[in-house]
$ cat work_13.csv   # CSV, C-alpha atoms
chain,number,residue,atom,x,y,z
A,65,MET,CA,0.0,0.0,0.0
A,66,GLU,CA,1.3,3.5,-0.8
A,67,ILE,CA,2.2,5.8,2.0
A,68,GLY,CA,-0.5,8.3,2.6
A,69,LYS,CA,-3.1,6.4,0.6
A,70,ARG,CA,-6.3,5.8,2.5
A,71,ASN,CA,-7.5,2.2,2.2
A,72,THR,CA,-11.1,2.8,3.3
A,73,PHE,CA,-14.5,1.6,2.0
A,74,ARG,CA,-15.7,4.8,0.3
A,75,ARG,CA,-19.3,5.7,-0.6
A,76,ARG,CA,-18.6,5.5,-4.3
A,77,GLU,CA,-17.5,1.9,-3.9
A,78,ARG,CA,-20.9,0.9,-2.7
A,79,LEU,CA,-23.1,-0.8,-5.3
A,80,LYS,CA,-26.5,0.7,-4.3
A,81,LYS,CA,-28.8,1.3,-7.3
A,82,TYR,CA,-31.3,-1.5,-7.9
A,83,ARG,CA,-30.6,-1.5,-11.7
A,84,ASP,CA,-26.8,-1.9,-11.1
A,85,ILE,CA,-27.3,-4.7,-8.7
A,86,LEU,CA,-29.8,-6.4,-11.0
A,87,GLN,CA,-27.3,-6.1,-13.9
A,88,VAL,CA,-24.7,-7.9,-11.9
A,89,LEU,CA,-27.2,-10.6,-10.8
A,90,ARG,CA,-28.4,-11.2,-14.4
A,91,LYS,CA,-25.2,-10.8,-16.4
A,92,GLY,CA,-22.5,-11.5,-13.9
A,93,GLU,CA,-20.5,-14.7,-13.6
A,94,ASN,CA,-21.2,-16.8,-10.6
A,95,ARG,CA,-18.6,-18.1,-8.1
A,96,SER,CA,-19.9,-20.1,-5.3
A,97,ASP,CA,-18.7,-22.3,-2.5
A,98,ASP,CA,-20.2,-23.6,0.8
A,99,LEU,CA,-19.8,-20.1,2.4
A,100,LEU,CA,-20.4,-17.4,-0.2
A,101,ASN,CA,-22.3,-16.9,-3.4
A,102,ILE,CA,-20.5,-14.2,-5.4
A,103,ARG,CA,-21.6,-12.6,-8.7
A,104,LEU,CA,-19.0,-10.6,-10.6
A,105,ILE,CA,-19.0,-8.4,-13.7
A,106,GLN,CA,-16.4,-6.1,-15.1
A,107,ASN,CA,-17.3,-2.4,-14.9
A,108,PHE,CA,-15.9,0.5,-16.8
A,109,ARG,CA,-15.9,3.0,-13.9
A,110,ASP,CA,-13.0,4.4,-11.9
A,111,CYS,CA,-13.3,2.0,-9.0
A,112,SER,CA,-14.6,-1.5,-8.0
A,113,ARG,CA,-18.0,-1.6,-6.2
A,114,LEU,CA,-19.5,-4.0,-3.7
A,115,ALA,CA,-23.0,-5.0,-2.6
A,116,VAL,CA,-23.8,-7.5,0.2
A,117,MET,CA,-27.1,-9.2,0.3
A,118,THR,CA,-27.9,-10.9,3.6
A,119,PRO,CA,-31.2,-12.8,3.7
A,120,LYS,CA,-33.2,-13.2,6.9
A,121,LYS,CA,-32.6,-16.9,6.9
A,122,LEU,CA,-29.1,-16.2,8.2
A,123,GLY,CA,-30.4,-15.1,11.5
A,124,ILE,CA,-31.2,-12.0,13.5
A,125,ALA,CA,-30.0,-8.5,12.4
A,126,VAL,CA,-26.8,-8.8,14.6
A,127,LYS,CA,-25.7,-11.8,12.6
A,128,ARG,CA,-26.6,-10.3,9.3
A,129,ASN,CA,-24.7,-7.1,10.1
A,130,ARG,CA,-21.7,-9.2,11.2
A,131,TRP,CA,-21.6,-10.7,7.7
A,132,ARG,CA,-21.8,-7.3,6.1
A,133,ARG,CA,-18.9,-6.0,8.2
A,134,MET,CA,-16.7,-9.1,7.4
A,135,VAL,CA,-17.4,-8.9,3.6
A,136,ARG,CA,-16.8,-5.1,3.5
A,137,GLU,CA,-13.6,-5.5,5.4
A,138,ALA,CA,-12.3,-8.3,3.1
A,139,PHE,CA,-13.2,-6.2,0.1
A,140,ARG,CA,-11.5,-3.1,1.6
A,141,LEU,CA,-8.3,-5.1,2.1
A,142,LEU,CA,-8.4,-6.7,-1.4
A,143,LYS,CA,-9.4,-3.7,-3.6
A,144,SER,CA,-5.9,-2.1,-3.8
A,145,SER,CA,-4.6,-5.3,-5.4
A,146,LEU,CA,-7.2,-5.4,-8.2
A,147,LYS,CA,-6.0,-4.7,-11.7
A,148,TRP,CA,-9.5,-4.4,-13.2
A,149,ASN,CA,-12.5,-2.7,-11.8
A,150,ILE,CA,-15.4,-5.0,-11.1
A,151,ASP,CA,-18.8,-5.0,-9.5
A,152,LEU,CA,-19.5,-7.7,-6.9
A,153,VAL,CA,-22.7,-8.9,-5.3
A,154,VAL,CA,-21.9,-11.2,-2.3
A,155,ARG,CA,-24.5,-13.4,-0.7
A,156,PRO,CA,-23.5,-15.3,2.4
A,157,LEU,CA,-25.1,-18.8,2.6
A,158,VAL,CA,-24.6,-19.8,6.2
A,159,PRO,CA,-24.8,-18.0,9.6
A,160,PRO,CA,-21.5,-16.3,10.7
A,161,GLU,CA,-20.7,-18.5,13.7
A,162,LYS,CA,-17.0,-19.4,13.9
A,163,ILE,CA,-16.2,-17.6,10.6
A,164,LYS,CA,-13.5,-14.9,10.7
A,165,THR,CA,-12.7,-12.1,8.3
A,166,PRO,CA,-9.5,-13.7,7.0
A,167,GLU,CA,-11.5,-16.7,5.8
A,168,VAL,CA,-13.9,-14.5,4.0
A,169,GLU,CA,-11.0,-12.5,2.5
A,170,LYS,CA,-9.4,-15.8,1.3
A,171,ARG,CA,-12.7,-16.9,-0.4
A,172,LEU,CA,-13.3,-13.5,-1.9
A,173,ARG,CA,-9.7,-13.4,-3.2
A,174,HIS,CA,-10.0,-16.8,-4.9
A,175,ALA,CA,-13.3,-15.9,-6.6
A,176,ILE,CA,-12.0,-12.6,-7.9
A,177,ARG,CA,-8.7,-14.2,-9.1
A,178,ASP,CA,-10.7,-16.9,-11.0
A,179,TYR,CA,-12.9,-14.3,-12.6
A,180,LEU,CA,-10.1,-12.0,-13.6
A,181,ARG,CA,-7.8,-14.8,-15.0
A,182,PRO,CA,-9.1,-14.5,-18.6
A,183,PHE,CA,-8.6,-10.7,-18.6
A,184,GLU,CA,-4.9,-10.9,-17.5
A,185,GLY,CA,-3.9,-12.3,-20.9
A,186,SER,CA,-5.6,-9.4,-22.7
A,187,GLU,CA,-3.6,-6.9,-20.7
A,188,GLU,CA,-0.3,-8.6,-21.6
A,189,ARG,CA,-1.3,-8.6,-25.3
A,190,ARG,CA,-2.1,-4.9,-25.2
A,191,ARG,CA,1.3,-4.1,-23.8
A,192,LYS,CA,3.1,-6.1,-26.6
A,193,ALA,CA,1.1,-4.4,-29.4

$ encode --input "work_13.csv" --output "structure tokens"
Amino acid sequence: MEIGKRNTFRRRERLKKYRDILQVLRKGENRSDDLLNIRLIQNFRDCSRLAVMTPKKLGIAVKRNRWRRMVREAFRLLKSSLKWNIDLVVRPLVPPEKIKTPEVEKRLRHAIRDYLRPFEGSEERRRKA
């Protein structure tokens, strides 16, 4: 991380508009495991954006808010390493008991890496041309 650069979760990095979230859910690629369901799509904005959808089946509001905090923190830590700007919609599948932020970060990192793998070759081709 650069010195003096703030690594916060800014307002413009929130995916809030219904039509934007719907676009990610309809057209985005799905990456899923036993913990998270993640939909990703490349965006052509100046930053990556995140939305967290926590259904009531995950438990009371305290538990749902815990999920939101963990996913936002994992995204905040990963966003500086992203080469491409993407929109993510993350849906937790299980209640947050015994799950820590580093585990969420690891799963999110793997999903993003798998999604961005095809784009990395196009960047190298652009540099050579």

$ residues_near_point --input "work_13.csv" --point "(-8.8, -3.6, -12.3)" --cutoff "12 Å" --atoms "only C-alpha atoms" --output "JSON list (two decimals) with C-alpha atoms, in the coordinates of the input"
[["chain", "number", "residue", "atom", "x", "y", "z"],
["A", 105, "ILE", "CA", -19.00, -8.40, -13.70],
["A", 106, "GLN", "CA", -16.40, -6.10, -15.10],
["A", 107, "ASN", "CA", -17.30, -2.40, -14.90],
["A", 108, "PHE", "CA", -15.90, 0.50, -16.80],
["A", 109, "ARG", "CA", -15.90, 3.00, -13.90],
["A", 110, "ASP", "CA", -13.00, 4.40, -11.90],
["A", 111, "CYS", "CA", -13.30, 2.00, -9.00],
["A", 112, "SER", "CA", -14.60, -1.50, -8.00],
["A", 113, "ARG", "CA", -18.00, -1.60, -6.20],
["A", 142, "LEU", "CA", -8.40, -6.70, -1.40],
["A", 143, "LYS", "CA", -9.40, -3.70, -3.60],
["A", 144, "SER", "CA", -5.90, -2.10, -3.80],
["A", 145, "SER", "CA", -4.60, -5.30, -5.40],
["A", 146, "LEU", "CA", -7.20, -5.40, -8.20],
["A", 147, "LYS", "CA", -6.00, -4.70, -11.70],
["A", 148, "TRP", "CA", -9.50, -4.40, -13.20],
["A", 149, "ASN", "CA", -12.50, -2.70, -11.80],
["A", 150, "ILE", "CA", -15.40, -5.00, -11.10],
["A", 151, "ASP", "CA", -18.80, -5.00, -9.50],
["A", 176, "ILE", "CA", -12.00, -12.60, -7.90],
["A", 177, "ARG", "CA", -8.70, -14.20, -9.10],
["A", 179, "TYR", "CA", -12.90, -14.30, -12.60],
["A", 180, "LEU", "CA", -10.10, -12.00, -13.60],
["A", 181, "ARG", "CA", -7.80, -14.80, -15.00],
["A", 183, "PHE", "CA", -8.60, -10.70, -18.60],
["A", 184, "GLU", "CA", -4.90, -10.90, -17.50],
["A", 187, "GLU", "CA", -3.60, -6.90, -20.70]]

$ residues_near_point --input "work_13.csv" --point "(-20.4, -10.3, 7.3)" --cutoff "10 Å" --atoms "all atoms listed in the file" --output "JSON, numbers by chain"
{"A": [116, 117, 118, 126, 127, 128, 129, 130, 131, 132, 133, 134, 135, 136, 137, 138, 154, 155, 156, 159, 160, 163, 164, 165, 168]}

$ write_last_selection --input "work_13.csv" --atoms "C-alpha atoms" --output "PDB file, keeping the file's coordinate frame"
ATOM      1  CA  VAL A 116     -23.800  -7.500   0.200  1.00  0.00           C
ATOM      2  CA  MET A 117     -27.100  -9.200   0.300  1.00  0.00           C
ATOM      3  CA  THR A 118     -27.900 -10.900   3.600  1.00  0.00           C
ATOM      4  CA  VAL A 126     -26.800  -8.800  14.600  1.00  0.00           C
ATOM      5  CA  LYS A 127     -25.700 -11.800  12.600  1.00  0.00           C
ATOM      6  CA  ARG A 128     -26.600 -10.300   9.300  1.00  0.00           C
ATOM      7  CA  ASN A 129     -24.700  -7.100  10.100  1.00  0.00           C
ATOM      8  CA  ARG A 130     -21.700  -9.200  11.200  1.00  0.00           C
ATOM      9  CA  TRP A 131     -21.600 -10.700   7.700  1.00  0.00           C
ATOM     10  CA  ARG A 132     -21.800  -7.300   6.100  1.00  0.00           C
ATOM     11  CA  ARG A 133     -18.900  -6.000   8.200  1.00  0.00           C
ATOM     12  CA  MET A 134     -16.700  -9.100   7.400  1.00  0.00           C
ATOM     13  CA  VAL A 135     -17.400  -8.900   3.600  1.00  0.00           C
ATOM     14  CA  ARG A 136     -16.800  -5.100   3.500  1.00  0.00           C
ATOM     15  CA  GLU A 137     -13.600  -5.500   5.400  1.00  0.00           C
ATOM     16  CA  ALA A 138     -12.300  -8.300   3.100  1.00  0.00           C
ATOM     17  CA  VAL A 154     -21.900 -11.200  -2.300  1.00  0.00           C
ATOM     18  CA  ARG A 155     -24.500 -13.400  -0.700  1.00  0.00           C
ATOM     19  CA  PRO A 156     -23.500 -15.300   2.400  1.00  0.00           C
ATOM     20  CA  PRO A 159     -24.800 -18.000   9.600  1.00  0.00           C
ATOM     21  CA  PRO A 160     -21.500 -16.300  10.700  1.00  0.00           C
ATOM     22  CA  ILE A 163     -16.200 -17.600  10.600  1.00  0.00           C
ATOM     23  CA  LYS A 164     -13.500 -14.900  10.700  1.00  0.00           C
ATOM     24  CA  THR A 165     -12.700 -12.100   8.300  1.00  0.00           C
ATOM     25  CA  VAL A 168     -13.900 -14.500   4.000  1.00  0.00           C
TER      26      VAL A 168
END

$ closest_residue --input "work_13.csv" --among "A:Leu89, A:Val158, A:Leu99, A:Val153" --to "Leu122 (chain A)" --atoms "all atoms listed in the file"
A:Val158

$ atom_distance --input "work_13.csv" --atom1 "CA of Arg75 (chain A)" --atom2 "CA of Pro182 (chain A)"
28.9 Å

$ atom_distance --input "work_13.csv" --atom1 "CA of Phe139 (chain A)" --atom2 "CA of Glu77 (chain A)"
10.0 Å

$ residues_around --input "work_13.csv" --residues "region 90-92 of chain A" --least-positions-apart "3" --cutoff "6 Å" --atoms "all atoms listed in the file" --output "ChimeraX atom specification"
/A:87,103-105

$ closest_residue --input "work_13.csv" --among "A:Ile102, A:Val88, A:Leu141, A:Ala175" --to "Thr72 (chain A)" --atoms "only C-alpha atoms"
A:Leu141

$ atom_distance --input "work_13.csv" --atom1 "CA of Arg83 (chain A)" --atom2 "CA of Leu114 (chain A)"
13.9 Å

$ build_atoms --input "work_13.csv" --residues "region 172-186 of chain A" --atoms "N, CA, C and O atoms" --output "PDB file, in the coordinates of the input"
ATOM      1  N   LEU A 172     -13.028 -14.610  -1.008  1.00  0.00           N
ATOM      2  CA  LEU A 172     -13.300 -13.500  -1.900  1.00  0.00           C
ATOM      3  C   LEU A 172     -12.102 -13.356  -2.905  1.00  0.00           C
ATOM      4  O   LEU A 172     -12.298 -13.163  -4.112  1.00  0.00           O
ATOM      5  N   ARG A 173     -10.888 -13.462  -2.398  1.00  0.00           N
ATOM      6  CA  ARG A 173      -9.700 -13.400  -3.200  1.00  0.00           C
ATOM      7  C   ARG A 173      -9.678 -14.439  -4.313  1.00  0.00           C
ATOM      8  O   ARG A 173      -9.401 -14.168  -5.482  1.00  0.00           O
ATOM      9  N   HIS A 174     -10.012 -15.675  -3.926  1.00  0.00           N
ATOM     10  CA  HIS A 174     -10.000 -16.800  -4.900  1.00  0.00           C
ATOM     11  C   HIS A 174     -11.091 -16.555  -5.972  1.00  0.00           C
ATOM     12  O   HIS A 174     -10.841 -16.805  -7.152  1.00  0.00           O
ATOM     13  N   ALA A 175     -12.259 -16.102  -5.581  1.00  0.00           N
ATOM     14  CA  ALA A 175     -13.300 -15.900  -6.600  1.00  0.00           C
ATOM     15  C   ALA A 175     -12.941 -14.765  -7.530  1.00  0.00           C
ATOM     16  O   ALA A 175     -13.144 -14.898  -8.743  1.00  0.00           O
ATOM     17  N   ILE A 176     -12.354 -13.693  -7.020  1.00  0.00           N
ATOM     18  CA  ILE A 176     -12.000 -12.600  -7.900  1.00  0.00           C
ATOM     19  C   ILE A 176     -10.821 -13.028  -8.811  1.00  0.00           C
ATOM     20  O   ILE A 176     -10.818 -12.717 -10.000  1.00  0.00           O
ATOM     21  N   ARG A 177      -9.852 -13.759  -8.276  1.00  0.00           N
ATOM     22  CA  ARG A 177      -8.700 -14.200  -9.100  1.00  0.00           C
ATOM     23  C   ARG A 177      -9.233 -15.135 -10.224  1.00  0.00           C
ATOM     24  O   ARG A 177      -8.813 -14.995 -11.374  1.00  0.00           O
ATOM     25  N   ASP A 178     -10.161 -16.050  -9.922  1.00  0.00           N
ATOM     26  CA  ASP A 178     -10.700 -16.900 -11.000  1.00  0.00           C
ATOM     27  C   ASP A 178     -11.452 -16.158 -12.022  1.00  0.00           C
ATOM     28  O   ASP A 178     -11.379 -16.484 -13.206  1.00  0.00           O
ATOM     29  N   TYR A 179     -12.170 -15.124 -11.593  1.00  0.00           N
ATOM     30  CA  TYR A 179     -12.900 -14.300 -12.600  1.00  0.00           C
ATOM     31  C   TYR A 179     -11.999 -13.506 -13.449  1.00  0.00           C
ATOM     32  O   TYR A 179     -12.228 -13.387 -14.646  1.00  0.00           O
ATOM     33  N   LEU A 180     -10.947 -12.933 -12.879  1.00  0.00           N
ATOM     34  CA  LEU A 180     -10.100 -12.000 -13.600  1.00  0.00           C
ATOM     35  C   LEU A 180      -9.012 -12.776 -14.464  1.00  0.00           C
ATOM     36  O   LEU A 180      -8.337 -12.163 -15.283  1.00  0.00           O
ATOM     37  N   ARG A 181      -8.860 -14.073 -14.281  1.00  0.00           N
ATOM     38  CA  ARG A 181      -7.800 -14.800 -15.000  1.00  0.00           C
ATOM     39  C   ARG A 181      -7.910 -14.632 -16.519  1.00  0.00           C
ATOM     40  O   ARG A 181      -6.876 -14.386 -17.151  1.00  0.00           O
ATOM     41  N   PRO A 182      -9.065 -14.698 -17.180  1.00  0.00           N
ATOM     42  CA  PRO A 182      -9.100 -14.500 -18.600  1.00  0.00           C
ATOM     43  C   PRO A 182      -8.696 -13.077 -19.063  1.00  0.00           C
ATOM     44  O   PRO A 182      -8.181 -12.878 -20.152  1.00  0.00           O
ATOM     45  N   PHE A 183      -8.907 -12.082 -18.204  1.00  0.00           N
ATOM     46  CA  PHE A 183      -8.600 -10.700 -18.600  1.00  0.00           C
ATOM     47  C   PHE A 183      -7.092 -10.429 -18.502  1.00  0.00           C
ATOM     48  O   PHE A 183      -6.598  -9.530 -19.168  1.00  0.00           O
ATOM     49  N   GLU A 184      -6.353 -11.173 -17.695  1.00  0.00           N
ATOM     50  CA  GLU A 184      -4.900 -10.900 -17.500  1.00  0.00           C
ATOM     51  C   GLU A 184      -4.157 -11.106 -18.815  1.00  0.00           C
ATOM     52  O   GLU A 184      -3.247 -10.363 -19.117  1.00  0.00           O
ATOM     53  N   GLY A 185      -4.530 -12.085 -19.610  1.00  0.00           N
ATOM     54  CA  GLY A 185      -3.900 -12.300 -20.900  1.00  0.00           C
ATOM     55  C   GLY A 185      -4.087 -11.150 -21.839  1.00  0.00           C
ATOM     56  O   GLY A 185      -3.192 -10.760 -22.585  1.00  0.00           O
ATOM     57  N   SER A 186      -5.275 -10.553 -21.832  1.00  0.00           N
ATOM     58  CA  SER A 186      -5.600  -9.400 -22.700  1.00  0.00           C
ATOM     59  C   SER A 186      -4.729  -8.224 -22.367  1.00  0.00           C
ATOM     60  O   SER A 186      -4.341  -7.445 -23.226  1.00  0.00           O
TER      61      SER A 186
END
